[in-house]
>>> print(open('protein06.cif').read())   # mmCIF, C-alpha atoms, pLDDT in the B column; chains and numbers go by the auth columns
data_start
#
loop_
_atom_site.group_PDB
_atom_site.id
_atom_site.type_symbol
_atom_site.label_atom_id
_atom_site.label_comp_id
_atom_site.label_asym_id
_atom_site.label_seq_id
_atom_site.Cartn_x
_atom_site.Cartn_y
_atom_site.Cartn_z
_atom_site.B_iso_or_equiv
_atom_site.auth_seq_id
_atom_site.auth_asym_id
ATOM 1 C CA MET A 1 -9.231 -5.068 -7.242 36.00 1 A
ATOM 2 C CA ALA A 2 -11.177 -3.210 -4.586 38.00 2 A
ATOM 3 C CA ALA A 3 -14.488 -1.686 -5.559 38.00 3 A
ATOM 4 C CA PRO A 4 -13.761 1.975 -4.609 39.00 4 A
ATOM 5 C CA SER A 5 -10.570 1.992 -6.635 52.00 5 A
ATOM 6 C CA GLU A 6 -12.362 0.362 -9.570 56.00 6 A
ATOM 7 C CA VAL A 7 -15.062 3.047 -9.500 58.00 7 A
ATOM 8 C CA ARG A 8 -12.445 5.806 -9.526 66.00 8 A
ATOM 9 C CA THR A 9 -10.605 4.086 -12.387 80.00 9 A
ATOM 10 C CA CYS A 10 -13.770 3.967 -14.499 89.00 10 A
ATOM 11 C CA GLU A 11 -14.405 7.688 -14.113 90.00 11 A
ATOM 12 C CA ASP A 12 -11.034 8.675 -15.598 91.00 12 A
ATOM 13 C CA PHE A 13 -10.371 7.030 -18.966 92.00 13 A
ATOM 14 C CA ALA A 14 -6.634 7.762 -18.882 92.00 14 A
ATOM 15 C CA GLU A 15 -6.369 6.030 -15.518 93.00 15 A
ATOM 16 C CA PHE A 16 -8.440 3.140 -16.899 93.00 16 A
ATOM 17 C CA GLN A 17 -6.047 2.746 -19.842 92.00 17 A
ATOM 18 C CA GLU A 18 -3.001 2.934 -17.572 93.00 18 A
ATOM 19 C CA LEU A 19 -4.429 0.203 -15.349 92.00 19 A
ATOM 20 C CA LEU A 20 -4.978 -2.043 -18.379 92.00 20 A
ATOM 21 C CA ARG A 21 -1.476 -1.298 -19.678 92.00 21 A
ATOM 22 C CA VAL A 22 0.028 -2.379 -16.372 92.00 22 A
ATOM 23 C CA MET A 23 -2.178 -5.458 -16.240 92.00 23 A
ATOM 24 C CA ARG A 24 -1.117 -6.441 -19.777 91.00 24 A
ATOM 25 C CA THR A 25 2.569 -6.761 -18.914 91.00 25 A
ATOM 26 C CA ILE A 26 2.276 -10.564 -18.688 88.00 26 A
ATOM 27 C CA ASP A 27 0.991 -10.605 -22.259 89.00 27 A
ATOM 28 C CA ASP A 28 3.657 -8.192 -23.445 86.00 28 A
ATOM 29 C CA ARG A 29 6.415 -10.309 -21.935 88.00 29 A
ATOM 30 C CA ILE A 30 5.145 -13.789 -22.760 86.00 30 A
ATOM 31 C CA VAL A 31 7.813 -14.481 -25.391 82.00 31 A
ATOM 32 C CA HIS A 32 10.568 -13.458 -22.980 83.00 32 A
ATOM 33 C CA GLU A 33 8.935 -15.478 -20.206 83.00 33 A
ATOM 34 C CA LEU A 34 8.780 -18.584 -22.378 81.00 34 A
ATOM 35 C CA ASN A 35 12.343 -18.133 -23.632 79.00 35 A
ATOM 36 C CA THR A 36 13.729 -17.827 -20.119 80.00 36 A
ATOM 37 C CA THR A 37 11.653 -20.544 -18.450 78.00 37 A
ATOM 38 C CA LEU A 38 11.259 -23.264 -21.077 76.00 38 A
ATOM 39 C CA PRO A 39 14.340 -25.331 -21.674 65.00 39 A
ATOM 40 C CA THR A 40 16.042 -25.890 -24.963 64.00 40 A
ATOM 41 C CA ALA A 41 16.898 -29.466 -25.903 60.00 41 A
ATOM 42 C CA SER A 42 20.251 -29.306 -24.096 60.00 42 A
ATOM 43 C CA PHE A 43 18.666 -28.222 -20.780 58.00 43 A
ATOM 44 C CA ALA A 44 15.502 -30.316 -20.985 57.00 44 A
ATOM 45 C CA GLY A 45 16.351 -32.398 -17.924 61.00 45 A
ATOM 46 C CA LYS A 46 17.000 -29.442 -15.617 65.00 46 A
ATOM 47 C CA VAL A 47 13.576 -27.750 -15.763 68.00 47 A
ATOM 48 C CA ASP A 48 10.078 -29.160 -15.399 77.00 48 A
ATOM 49 C CA ALA A 49 8.559 -27.730 -18.589 79.00 49 A
ATOM 50 C CA ASN A 50 5.152 -29.243 -17.830 84.00 50 A
ATOM 51 C CA GLN A 51 4.917 -27.400 -14.503 86.00 51 A
ATOM 52 C CA THR A 52 6.291 -24.177 -16.001 86.00 52 A
ATOM 53 C CA CYS A 53 3.715 -24.204 -18.805 88.00 53 A
ATOM 54 C CA LYS A 54 0.937 -25.078 -16.377 91.00 54 A
ATOM 55 C CA GLU A 55 1.821 -22.118 -14.137 90.00 55 A
ATOM 56 C CA LEU A 56 2.053 -19.764 -17.104 90.00 56 A
ATOM 57 C CA TYR A 57 -1.308 -21.026 -18.376 92.00 57 A
ATOM 58 C CA GLN A 58 -2.919 -20.302 -15.013 93.00 58 A
ATOM 59 C CA SER A 59 -1.304 -16.864 -14.843 92.00 59 A
ATOM 60 C CA LEU A 60 -2.572 -15.982 -18.307 92.00 60 A
ATOM 61 C CA ARG A 61 -6.105 -17.192 -17.532 94.00 61 A
ATOM 62 C CA GLU A 62 -6.218 -15.167 -14.304 94.00 62 A
ATOM 63 C CA ALA A 63 -4.827 -12.043 -15.979 93.00 63 A
ATOM 64 C CA HIS A 64 -7.254 -12.272 -18.894 94.00 64 A
ATOM 65 C CA ALA A 65 -10.237 -12.892 -16.608 95.00 65 A
ATOM 66 C CA SER A 66 -9.402 -9.999 -14.281 94.00 66 A
ATOM 67 C CA ARG A 67 -8.912 -7.549 -17.156 95.00 67 A
ATOM 68 C CA GLU A 68 -12.129 -8.634 -18.826 95.00 68 A
ATOM 69 C CA LYS A 69 -13.990 -8.217 -15.528 95.00 69 A
ATOM 70 C CA ILE A 70 -12.652 -4.684 -15.051 95.00 70 A
ATOM 71 C CA ILE A 71 -13.398 -3.663 -18.641 95.00 71 A
ATOM 72 C CA LYS A 72 -16.950 -5.012 -18.523 95.00 72 A
ATOM 73 C CA SER A 73 -17.547 -3.475 -15.111 95.00 73 A
ATOM 74 C CA CYS A 74 -16.427 -0.054 -16.344 95.00 74 A
ATOM 75 C CA ILE A 75 -18.549 -0.399 -19.490 96.00 75 A
ATOM 76 C CA ALA A 76 -21.600 -1.220 -17.367 96.00 76 A
ATOM 77 C CA GLN A 77 -20.904 1.673 -15.010 95.00 77 A
ATOM 78 C CA THR A 78 -20.395 4.162 -17.850 96.00 78 A
ATOM 79 C CA SER A 79 -23.498 2.835 -19.646 96.00 79 A
ATOM 80 C CA ASN A 80 -25.532 3.595 -16.537 96.00 80 A
ATOM 81 C CA VAL A 81 -24.125 7.122 -16.420 95.00 81 A
ATOM 82 C CA VAL A 82 -25.006 7.632 -20.113 96.00 82 A
ATOM 83 C CA LYS A 83 -28.515 6.298 -19.517 96.00 83 A
ATOM 84 C CA THR A 84 -29.025 8.647 -16.561 95.00 84 A
ATOM 85 C CA LEU A 85 -27.712 11.619 -18.534 94.00 85 A
ATOM 86 C CA ARG A 86 -30.024 10.780 -21.457 93.00 86 A
ATOM 87 C CA GLU A 87 -32.996 10.722 -19.106 93.00 87 A
ATOM 88 C CA GLU A 88 -31.968 14.093 -17.668 91.00 88 A
ATOM 89 C CA ARG A 89 -31.483 15.428 -21.195 89.00 89 A
ATOM 90 C CA GLU A 90 -35.062 14.448 -22.086 90.00 90 A
ATOM 91 C CA LYS A 91 -36.287 16.614 -19.201 89.00 91 A
ATOM 92 C CA ALA A 92 -33.983 19.566 -19.875 87.00 92 A
ATOM 93 C CA GLN A 93 -33.353 19.781 -23.609 85.00 93 A
ATOM 94 C CA ASP A 94 -31.962 23.320 -23.472 85.00 94 A
ATOM 95 C CA ASP A 95 -29.154 22.464 -21.046 87.00 95 A
ATOM 96 C CA ILE A 96 -25.942 22.790 -23.070 90.00 96 A
ATOM 97 C CA ALA A 97 -23.689 21.713 -20.175 91.00 97 A
ATOM 98 C CA LEU A 98 -25.719 18.535 -19.788 91.00 98 A
ATOM 99 C CA LEU A 99 -25.428 17.829 -23.514 91.00 99 A
ATOM 100 C CA LYS A 100 -21.661 18.329 -23.346 94.00 100 A
ATOM 101 C CA GLN A 101 -21.379 15.970 -20.379 94.00 101 A
ATOM 102 C CA LEU A 102 -23.538 13.378 -22.179 94.00 102 A
ATOM 103 C CA ARG A 103 -21.302 13.536 -25.264 95.00 103 A
ATOM 104 C CA GLN A 104 -18.183 13.127 -23.131 95.00 104 A
ATOM 105 C CA GLU A 105 -19.618 10.072 -21.396 95.00 105 A
ATOM 106 C CA GLN A 106 -20.726 8.578 -24.727 96.00 106 A
ATOM 107 C CA THR A 107 -17.219 9.033 -26.102 96.00 107 A
ATOM 108 C CA LYS A 108 -15.718 7.431 -23.006 95.00 108 A
ATOM 109 C CA LEU A 109 -18.149 4.513 -23.362 96.00 109 A
ATOM 110 C CA LYS A 110 -17.136 3.957 -27.001 97.00 110 A
ATOM 111 C CA LEU A 111 -13.455 4.020 -26.038 96.00 111 A
ATOM 112 C CA MET A 112 -14.043 1.498 -23.269 95.00 112 A
ATOM 113 C CA GLN A 113 -15.954 -0.744 -25.648 96.00 113 A
ATOM 114 C CA SER A 114 -13.051 -0.572 -28.081 96.00 114 A
ATOM 115 C CA GLU A 115 -10.799 -1.820 -25.263 94.00 115 A
ATOM 116 C CA LEU A 116 -12.738 -5.099 -25.408 94.00 116 A
ATOM 117 C CA ASN A 117 -11.562 -5.488 -29.017 95.00 117 A
ATOM 118 C CA VAL A 118 -7.995 -4.646 -28.027 95.00 118 A
ATOM 119 C CA GLU A 119 -8.252 -7.181 -25.222 95.00 119 A
ATOM 120 C CA GLU A 120 -9.358 -9.876 -27.657 95.00 120 A
ATOM 121 C CA VAL A 121 -6.359 -9.210 -29.919 95.00 121 A
ATOM 122 C CA VAL A 122 -3.930 -9.221 -26.980 94.00 122 A
ATOM 123 C CA ASN A 123 -5.406 -12.465 -25.635 94.00 123 A
ATOM 124 C CA ASP A 124 -5.314 -14.180 -29.036 94.00 124 A
ATOM 125 C CA ARG A 125 -1.677 -13.231 -29.511 93.00 125 A
ATOM 126 C CA SER A 126 -0.735 -14.519 -26.051 92.00 126 A
ATOM 127 C CA TRP A 127 -2.545 -17.828 -26.516 92.00 127 A
ATOM 128 C CA LYS A 128 -0.947 -18.297 -29.928 93.00 128 A
ATOM 129 C CA VAL A 129 2.553 -17.844 -28.492 90.00 129 A
ATOM 130 C CA PHE A 130 1.719 -20.010 -25.491 90.00 130 A
ATOM 131 C CA ASN A 131 0.381 -22.822 -27.686 90.00 131 A
ATOM 132 C CA GLU A 132 3.381 -22.679 -30.024 88.00 132 A
ATOM 133 C CA ARG A 133 5.861 -23.080 -27.192 85.00 133 A
ATOM 134 C CA CYS A 134 3.946 -25.205 -24.666 87.00 134 A
ATOM 135 C CA ARG A 135 1.894 -27.575 -26.818 85.00 135 A
ATOM 136 C CA ILE A 136 4.523 -30.312 -26.398 85.00 136 A
ATOM 137 C CA HIS A 137 4.877 -29.870 -22.643 81.00 137 A
ATOM 138 C CA TYR A 138 1.368 -29.104 -21.383 85.00 138 A
ATOM 139 C CA LYS A 139 -2.162 -29.739 -22.600 85.00 139 A
ATOM 140 C CA PRO A 140 -4.588 -27.275 -20.966 84.00 140 A
ATOM 141 C CA PRO A 141 -8.085 -28.398 -20.028 81.00 141 A
ATOM 142 C CA LYS A 142 -10.647 -28.091 -22.820 76.00 142 A
ATOM 143 C CA SER A 143 -12.509 -25.214 -21.067 65.00 143 A
ATOM 144 C CA GLN A 144 -10.375 -22.545 -22.808 49.00 144 A
#
>>> encode(input="protein06.cif", output="structure tokens")
Amino acid sequence: MAAPSEVRTCEDFAEFQELLRVMRTIDDRIVHELNTTLPTASFAGKVDANQTCKELYQSLREAHASREKIIKSCIAQTSNVVKTLREEREKAQDDIALLKQLRQEQTKLKLMQSELNVEEVVNDRSWKVFNERCRIHYKPPKSQ
């Protein structure tokens, strides 16, 4: 993802959530993907299940890594904004607008941090389904 677009996505939490929702489609459709690409016993000779599972494994790893990178990048960016606003607040304690903006950014930061927990649950679910269906056909490298 390009840096300018990523910056804009981090500023608007709704846009950030929409981006993650779109990026999570592979996880949402993993059961369907496995059902349509992995053969049953009667079709075992017609499809290379090893290659199919290997490709799905790589797709999942890439999707999980890219989402984690975006989430952590947005958390870091928002943390910097909160830090800057706190420093400004120390200098101008009577500024109500500044306090309101600080609270909004803190809330956004907490929501983004909670997305890391959501991401962990989504990833665990995907890997569980993947391992149930592909454990016979493909053994991923031990780095997972």
>>> resolve_selection(input="protein06.cif", expression="the PyMOL selection byres ((chain A and resi 134-138) around 8)", output="VMD selection string")
chain A and resid 49 to 51 53 to 54 130 to 133 139 to 140
>>> write_last_selection(input="protein06.cif", atoms="C-alpha atoms", output="PDB file, in the frame of the given file")
ATOM      1  CA  ALA A  49       8.559 -27.730 -18.589  1.00 79.00           C
ATOM      2  CA  ASN A  50       5.152 -29.243 -17.830  1.00 84.00           C
ATOM      3  CA  GLN A  51       4.917 -27.400 -14.503  1.00 86.00           C
ATOM      4  CA  CYS A  53       3.715 -24.204 -18.805  1.00 88.00           C
ATOM      5  CA  LYS A  54       0.937 -25.078 -16.377  1.00 91.00           C
ATOM      6  CA  PHE A 130       1.719 -20.010 -25.491  1.00 90.00           C
ATOM      7  CA  ASN A 131       0.381 -22.822 -27.686  1.00 90.00           C
ATOM      8  CA  GLU A 132       3.381 -22.679 -30.024  1.00 88.00           C
ATOM      9  CA  ARG A 133       5.861 -23.080 -27.192  1.00 85.00           C
ATOM     10  CA  LYS A 139      -2.162 -29.739 -22.600  1.00 85.00           C
ATOM     11  CA  PRO A 140      -4.588 -27.275 -20.966  1.00 84.00           C
TER      12      PRO A 140
END
>>> atom_distance(input="protein06.cif", atom1="CA of Ala63 in chain A", atom2="CA of Pro141 in chain A")
17.2 Å
>>> atom_distance(input="protein06.cif", atom1="CA of Trp127 in chain A", atom2="CA of Gln113 in chain A")
21.7 Å
>>> resolve_selection(input="protein06.cif", expression="the PyMOL selection byres ((chain A and resi 77) around 12)", output="PyMOL selection string")
chain A and resi 3+6-11+70-76+78-84+105-106+108-109+112-113
>>> axis_aligned_box(input="protein06.cif", around="range 126-138 of chain A", padding_each_side="3 Å", output="AutoDock Vina command-line options")
--center_x 1.7 --center_y -22.4 --center_z -25.7 --size_x 14.4 --size_y 21.8 --size_z 14.6
>>> closest_residue(input="protein06.cif", among="A:Val31, A:Leu85, A:Leu38, A:Leu116", to="Gln101 in chain A", atoms="all atoms listed in the file")
A:Leu85
>>> resolve_selection(input="protein06.cif", expression="the PyMOL selection byres ((chain A and resi 37) around 9)", output="PyMOL selection string")
chain A and resi 32-36+38-39+47+49+52-53
>>> closest_residue(input="protein06.cif", among="A:Thr107, A:Asn117, A:Asp27, A:Asp12", to="His64 in chain A", atoms="all atoms listed in the file")
A:Asp27
>>> closest_residue(input="protein06.cif", among="A:Arg61, A:Arg103, A:Glu90, A:Leu111", to="Asp124 in chain A", atoms="only C-alpha atoms")
A:Arg61
>>> atom_distance(input="protein06.cif", atom1="CA of Val122 in chain A", atom2="CA of Asp28 in chain A")
8.4 Å
